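Shown here: structure.cif, mmCIF, C-alpha atoms.
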data_input
#
loop_
_atom_site.group_PDB
_atom_site.id
_atom_site.type_symbol
_atom_site.label_atom_id
_atom_site.label_comp_id
_atom_site.auth_asym_id
_atom_site.auth_seq_id
_atom_site.Cartn_x
_atom_site.Cartn_y
_atom_site.Cartn_z
ATOM 1 C CA MET A 491 113.269 70.206 -125.097
ATOM 2 C CA SER A 492 115.889 67.743 -126.272
ATOM 3 C CA LYS A 493 116.913 64.815 -124.120
ATOM 4 C CA SER A 494 120.452 66.217 -123.605
ATOM 5 C CA LYS A 495 119.098 69.659 -122.536
ATOM 6 C CA LEU A 496 116.720 67.954 -120.100
ATOM 7 C CA ILE A 497 119.548 65.905 -118.573
ATOM 8 C CA PHE A 498 121.738 69.024 -118.326
ATOM 9 C CA THR A 499 118.917 70.950 -116.590
ATOM 10 C CA ILE A 500 118.378 68.114 -114.120
ATOM 11 C CA LEU A 501 122.110 68.002 -113.350
ATOM 12 C CA ILE A 502 122.220 71.776 -112.735
ATOM 13 C CA ILE A 503 119.182 71.618 -110.434
ATOM 14 C CA SER A 504 120.695 68.651 -108.546
ATOM 15 C CA ALA A 505 124.027 70.424 -108.119
ATOM 16 C CA THR A 506 122.323 73.588 -106.851
ATOM 17 C CA TYR A 507 120.230 71.563 -104.381
ATOM 18 C CA THR A 508 123.323 69.746 -103.098
ATOM 19 C CA ILE A 509 125.213 73.022 -102.606
ATOM 20 C CA ASN A 510 122.279 74.511 -100.681
ATOM 21 C CA ILE A 511 122.061 71.464 -98.410
ATOM 22 C CA GLN A 512 125.758 71.672 -97.622
ATOM 23 C CA GLN A 513 125.480 75.380 -96.835
ATOM 24 C CA VAL A 514 122.551 74.855 -94.454
ATOM 25 C CA GLY A 515 124.506 72.257 -92.470
ATOM 26 C CA ALA A 516 127.733 74.247 -92.437
ATOM 27 C CA GLY A 517 126.598 77.144 -90.249
ATOM 28 C CA SER A 518 129.119 79.700 -89.007
ATOM 29 C CA ILE A 519 130.778 77.326 -86.545
ATOM 30 C CA THR A 520 134.505 76.924 -86.965
ATOM 31 C CA ASN A 521 137.176 75.304 -84.837
ATOM 32 C CA ARG A 522 138.479 77.668 -82.150
ATOM 33 C CA SER A 523 135.264 79.745 -82.264
ATOM 34 C CA LYS A 524 133.155 80.431 -79.172
ATOM 35 C CA ALA A 525 130.448 77.809 -78.739
ATOM 36 C CA PRO A 526 126.921 79.260 -78.901
ATOM 37 C CA ASP A 527 125.258 79.248 -75.497
ATOM 38 C CA PHE A 528 122.129 77.228 -74.808
ATOM 39 C CA ASN A 529 119.737 76.684 -71.933
ATOM 40 C CA LEU A 530 117.114 74.006 -72.604
ATOM 41 C CA PRO A 531 115.244 71.284 -70.710
ATOM 42 C CA GLY A 532 117.140 68.010 -70.450
ATOM 43 C CA ILE A 533 116.675 64.557 -68.974
ATOM 44 C CA SER A 534 118.844 61.545 -68.139
ATOM 45 C CA LYS A 535 118.315 58.264 -66.284
ATOM 46 C CA GLU A 536 119.782 59.877 -63.129
ATOM 47 C CA ASN A 537 117.685 63.045 -63.396
ATOM 48 C CA LYS A 538 114.193 61.698 -63.935
ATOM 49 C CA THR A 539 112.704 65.180 -63.613
ATOM 50 C CA PRO A 540 113.523 67.545 -66.483
ATOM 51 C CA SER A 541 115.911 70.337 -65.572
ATOM 52 C CA ASN A 542 117.600 73.009 -67.633
ATOM 53 C CA VAL A 543 120.943 72.167 -69.189
ATOM 54 C CA SER A 544 123.184 74.999 -70.351
ATOM 55 C CA LEU A 545 126.634 75.406 -71.825
ATOM 56 C CA SER A 546 127.728 77.231 -68.662
ATOM 57 C CA SER A 547 126.890 74.091 -66.644
ATOM 58 C CA PHE A 548 130.030 72.547 -68.173
ATOM 59 C CA LYS A 549 132.353 75.524 -67.770
ATOM 60 C CA ASN A 550 135.215 73.564 -66.187
ATOM 61 C CA SER A 551 134.805 70.403 -68.266
ATOM 62 C CA TRP A 552 135.334 69.280 -71.787
ATOM 63 C CA LEU A 553 131.967 68.840 -73.484
ATOM 64 C CA ILE A 554 130.948 66.530 -76.289
ATOM 65 C CA LEU A 555 127.833 68.158 -77.697
ATOM 66 C CA TYR A 556 126.227 65.914 -80.249
ATOM 67 C CA PHE A 557 123.194 66.645 -82.389
ATOM 68 C CA TYR A 558 121.085 63.838 -83.794
ATOM 69 C CA PRO A 559 117.863 63.574 -85.839
ATOM 70 C CA GLU A 560 115.441 61.524 -83.730
ATOM 71 C CA ASP A 561 115.120 59.287 -80.668
ATOM 72 C CA PHE A 562 114.515 55.561 -81.255
ATOM 73 C CA THR A 563 115.866 55.508 -84.825
ATOM 74 C CA MET A 564 118.584 52.995 -85.653
ATOM 75 C CA GLY A 565 121.496 55.427 -86.181
ATOM 76 C CA CYS A 566 120.592 57.624 -83.228
ATOM 77 C CA THR A 567 120.243 54.600 -80.953
ATOM 78 C CA LEU A 568 123.656 53.277 -82.072
ATOM 79 C CA GLU A 569 125.269 56.648 -81.437
ATOM 80 C CA ALA A 570 123.694 57.073 -77.975
ATOM 81 C CA ARG A 571 124.692 53.528 -76.989
ATOM 82 C CA SER A 572 128.244 54.128 -78.178
ATOM 83 C CA PHE A 573 128.588 57.245 -76.035
ATOM 84 C CA GLN A 574 127.022 55.431 -73.068
ATOM 85 C CA GLU A 575 129.389 52.444 -73.458
ATOM 86 C CA ASN A 576 132.329 54.881 -73.378
ATOM 87 C CA ILE A 577 131.009 57.209 -70.666
ATOM 88 C CA ASN A 578 133.525 56.036 -68.025
ATOM 89 C CA LYS A 579 136.463 56.673 -70.383
ATOM 90 C CA LEU A 580 135.066 60.103 -71.195
ATOM 91 C CA ASN A 581 134.492 60.960 -67.533
ATOM 92 C CA LYS A 582 138.079 59.918 -66.664
ATOM 93 C CA LEU A 583 139.227 62.348 -69.358
ATOM 94 C CA GLY A 584 137.186 65.124 -67.721
ATOM 95 C CA ALA A 585 134.556 65.175 -70.449
ATOM 96 C CA LYS A 586 130.769 65.272 -70.315
ATOM 97 C CA VAL A 587 128.296 64.304 -73.036
ATOM 98 C CA VAL A 588 125.084 66.064 -74.042
ATOM 99 C CA GLY A 589 122.785 64.956 -76.869
ATOM 100 C CA ILE A 590 120.448 67.428 -78.592
ATOM 101 C CA SER A 591 117.553 66.882 -80.969
ATOM 102 C CA VAL A 592 114.227 68.555 -81.719
ATOM 103 C CA ASP A 593 112.348 65.744 -79.962
ATOM 104 C CA ASP A 594 110.286 66.804 -76.956
ATOM 105 C CA ILE A 595 111.227 66.041 -73.361
ATOM 106 C CA GLU A 596 108.670 63.211 -73.097
ATOM 107 C CA LYS A 597 110.238 61.341 -76.015
ATOM 108 C CA HIS A 598 113.732 61.988 -74.581
ATOM 109 C CA THR A 599 112.563 60.608 -71.226
ATOM 110 C CA SER A 600 111.388 57.355 -72.831
ATOM 111 C CA PHE A 601 114.590 57.063 -74.876
ATOM 112 C CA CYS A 602 116.841 57.738 -71.844
ATOM 113 C CA GLN A 603 115.035 55.140 -69.776
ATOM 114 C CA LYS A 604 115.015 52.499 -72.526
ATOM 115 C CA GLU A 605 118.723 52.972 -73.315
ATOM 116 C CA ALA A 606 119.772 53.712 -69.677
ATOM 117 C CA LEU A 607 121.574 56.903 -70.721
ATOM 118 C CA SER A 608 123.448 58.566 -67.872
ATOM 119 C CA PHE A 609 124.115 61.738 -69.878
ATOM 120 C CA PRO A 610 121.433 64.342 -70.606
ATOM 121 C CA LEU A 611 119.381 64.563 -73.759
ATOM 122 C CA VAL A 612 118.220 68.106 -74.404
ATOM 123 C CA ALA A 613 114.931 69.085 -76.058
ATOM 124 C CA ASP A 614 115.486 71.731 -78.742
ATOM 125 C CA LYS A 615 111.847 71.721 -79.885
ATOM 126 C CA GLU A 616 112.109 74.967 -81.867
ATOM 127 C CA GLY A 617 115.477 73.985 -83.359
ATOM 128 C CA LEU A 618 117.075 77.287 -82.294
ATOM 129 C CA VAL A 619 120.173 75.746 -80.704
ATOM 130 C CA SER A 620 120.538 73.278 -83.572
ATOM 131 C CA LYS A 621 120.385 76.220 -85.997
ATOM 132 C CA SER A 622 122.952 78.207 -84.004
ATOM 133 C CA TYR A 623 125.380 75.283 -84.385
ATOM 134 C CA GLY A 624 124.626 74.836 -88.102
ATOM 135 C CA SER A 625 123.020 71.488 -87.270
ATOM 136 C CA TYR A 626 119.466 71.890 -88.535
ATOM 137 C CA MET A 627 117.607 71.154 -91.740
ATOM 138 C CA ASN A 628 114.003 70.411 -92.685
ATOM 139 C CA GLY A 629 112.708 70.445 -89.122
ATOM 140 C CA ARG A 630 115.366 68.076 -87.724
ATOM 141 C CA SER A 631 118.747 68.268 -86.078
ATOM 142 C CA LEU A 632 121.594 67.049 -88.273
ATOM 143 C CA ARG A 633 124.041 64.411 -87.058
ATOM 144 C CA ASN A 634 126.918 66.717 -86.048
ATOM 145 C CA THR A 635 129.213 66.708 -83.011
ATOM 146 C CA TYR A 636 131.255 69.440 -81.351
ATOM 147 C CA LEU A 637 134.136 69.026 -78.920
ATOM 148 C CA ILE A 638 134.105 72.074 -76.633
ATOM 149 C CA ASN A 639 136.971 72.861 -74.258
ATOM 150 C CA PRO A 640 136.546 74.084 -70.640
ATOM 151 C CA ASN A 641 136.791 77.704 -71.876
ATOM 152 C CA GLY A 642 133.792 77.274 -74.193
ATOM 153 C CA LEU A 643 135.745 77.101 -77.459
ATOM 154 C CA ILE A 644 134.936 74.571 -80.155
ATOM 155 C CA MET A 645 138.116 72.563 -80.645
ATOM 156 C CA LYS A 646 136.838 70.048 -83.191
ATOM 157 C CA SER A 647 133.669 69.453 -85.132
ATOM 158 C CA TRP A 648 132.296 66.520 -87.072
ATOM 159 C CA THR A 649 129.518 66.813 -89.639
ATOM 160 C CA ASP A 650 127.453 64.032 -91.150
ATOM 161 C CA VAL A 651 128.662 61.638 -88.449
ATOM 162 C CA LYS A 652 128.654 57.875 -88.936
ATOM 163 C CA PRO A 653 127.281 56.713 -85.574
ATOM 164 C CA TYR A 654 128.781 53.241 -85.148
ATOM 165 C CA LYS A 655 132.328 54.082 -83.972
ATOM 166 C CA HIS A 656 131.910 57.817 -83.479
ATOM 167 C CA ALA A 657 132.484 57.782 -79.708
ATOM 168 C CA GLU A 658 135.944 56.230 -80.195
ATOM 169 C CA GLU A 659 136.709 58.879 -82.808
ATOM 170 C CA VAL A 660 135.708 61.599 -80.328
ATOM 171 C CA ILE A 661 137.834 60.052 -77.543
ATOM 172 C CA SER A 662 140.904 60.072 -79.813
ATOM 173 C CA ALA A 663 140.333 63.713 -80.726
ATOM 174 C CA LEU A 664 139.721 64.632 -77.074
ATOM 175 C CA LYS A 665 143.031 63.062 -76.006
ATOM 176 C CA LEU A 666 144.858 64.889 -78.799
ATOM 177 C CA GLU A 667 143.283 68.251 -77.918
ATOM 178 C CA GLN A 668 144.077 67.748 -74.237
ATOM 179 C CA LYS A 669 147.735 67.036 -75.086
ATOM 180 C CA LYS A 670 147.880 70.206 -77.210
ATOM 181 C CA SER A 671 146.299 72.169 -74.387
ATOM 182 C CA LEU A 672 148.789 70.793 -71.849
ATOM 183 C CA ARG A 673 151.741 71.605 -74.125
ATOM 184 C CA LYS A 674 150.456 75.127 -74.621
ATOM 185 C CA THR A 675 150.088 75.584 -70.857
ATOM 186 C CA LYS A 676 153.645 74.343 -70.261
ATOM 187 C CA LEU A 677 155.012 76.712 -72.928
ATOM 188 C CA MET A 678 153.249 79.669 -71.296
ATOM 189 C CA LYS A 679 154.926 79.002 -67.913
#
Target encoding structure tokens, full file:
Amino acid sequence: MSKSKLIFTILIISATYTINIQQVGAGSITNRSKAPDFNLPGISKENKTPSNVSLSSFKNSWLILYFYPEDFTMGCTLEARSFQENINKLNKLGAKVVGISVDDIEKHTSFCQKEALSFPLVADKEGLVSKSYGSYMNGRSLRNTYLINPNGLIMKSWTDVKPYKHAEEVISALKLEQKKSLRKTKLMK
């Protein structure tokens, strides 16, 4: 095989692999679609005993549902800290935060305690919830976030999140979606 044919073959294989990766992460989640339900064990610094966390638990609140690869890694720690640092702002806006990964509840417990996280981390050990949100690949949750309104609709989604300033990005989007929601309510009256 000539050098140019070899390079062309490698490029085709690389392009196909990249397309497949993007498709796996994309899922069937779109803005304004119904958020897939979940009911999994979760833990936070306040709830030291694992208890089930479900989408219906947040029926009258805005929910920031974020998926992340693994507890105690640099990016995941930055993202969790950023949400925790902004938790009061989020609560004042009527929003709750839930983190999901395929880590087990014991690892989540250690991570919650070390980082003093007041929001629940949910153990999706089989990856079923991560898959239902299009946030799963190669045995890990992908770094994706979904803003879910009080009616259970996904209002905004972020894929391949950069963790450092993500919480601020989510707060801005939350405020915008709440304004749109308020305007829509006023127009309906």
Point (127.5, 57.1, -77.4), cut-off 9 Å, counting all atoms listed in the file, residues as a PyMOL selection string:
chain A and resi 567-577+587+607+653-658
In Å, rounded to a single decimal, give me how far CA of Thr599 (chain A) is from CA of Asn628 (chain A).
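Going from CA of Asn628 (chain A) over to CA of Thr599 (chain A), I get 23.6 Å.
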Could you work out how far CA of Ile638 (chain A) lies from CA of Ser551 (chain A), giving the answer in Å with one decimal?
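About the pair CA of Ser551 (chain A) and CA of Ile638 (chain A): they are 8.6 Å apart.
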Who sits within 8 Å of Cys602 (chain A), only C-alpha atoms, same chain under 4 positions skipped, as a list in words:
Ile533, Ser534, Lys535, His598, Ala606, Leu607, Ser608 and Leu611 of chain A
Filtering to C-alpha atoms, could you give me those residues as a PDB file, in the frame of the given file?
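Below you can see result_18.pdb, which holds the result:
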ATOM      1  CA  ILE A 533     116.675  64.557 -68.974  1.00  0.00           C
ATOM      2  CA  SER A 534     118.844  61.545 -68.139  1.00  0.00           C
ATOM      3  CA  LYS A 535     118.315  58.264 -66.284  1.00  0.00           C
ATOM      4  CA  HIS A 598     113.732  61.988 -74.581  1.00  0.00           C
ATOM      5  CA  ALA A 606     119.772  53.712 -69.677  1.00  0.00           C
ATOM      6  CA  LEU A 607     121.574  56.903 -70.721  1.00  0.00           C
ATOM      7  CA  SER A 608     123.448  58.566 -67.872  1.00  0.00           C
ATOM      8  CA  LEU A 611     119.381  64.563 -73.759  1.00  0.00           C
TER       9      LEU A 611
END
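Counting all atoms listed in the file, the residue from A:Lys669, A:Leu583, A:Asn550, A:Leu545 that sits nearest to Pro526 (chain A) is A:Leu545.
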Interatomic distance, CA of Met645 (chain A) to CA of Val543 (chain A) (Å, one decimal)
20.6 Å
If the PyMOL selection byres ((chain A and resi 528) around 6) is run on the structure shown, which residues does it catch, given as a list in words?
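Taken over the shown coordinates, the PyMOL selection byres ((chain A and resi 528) around 6) returns Asp527, Asn529, Ser544 and Leu545 of chain A.
The nearest approach to Thr563 (chain A) among the residues A:Gly584, A:Ser546, A:Ala525, A:Lys597, with only C-alpha atoms taken into account, belongs to A:Lys597.
Distances here use all atoms listed in the file; by that measure, the residue among A:Lys604, A:Lys615, A:Lys538, A:Lys586 closest to Leu553 (chain A) is A:Lys586.
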Let me make sure I understand: among A:Leu555, A:Met564, A:Ile519, A:Ile661, which one has the smallest atom-to-atom distance to Ile590 (chain A) if we use only C-alpha atoms?
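Using only C-alpha atoms, Ile590 (chain A) sits closest to A:Leu555.
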Expand the PyMOL selection byres ((chain A and resi 616-623) around 9) into the individual residues it matches in the shown file, reporting them as a VMD selection string.
chain A and resid 514 to 519 525 to 530 557 590 to 592 613 to 615 624 to 627 629 to 632 634 636
Give the answer as one residue: which of A:Phe548, A:Ile554, A:Glu536, A:Asp594 has the shortest atom-to-atom distance to Ala663 (chain A), using all atoms listed in the file?
A:Ile554
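With all atoms listed in the file as the atoms that count, the minimum distance from Thr520 (chain A) to the choices A:Lys549, A:Lys646, A:Arg633, A:Lys665 is reached by A:Lys646.
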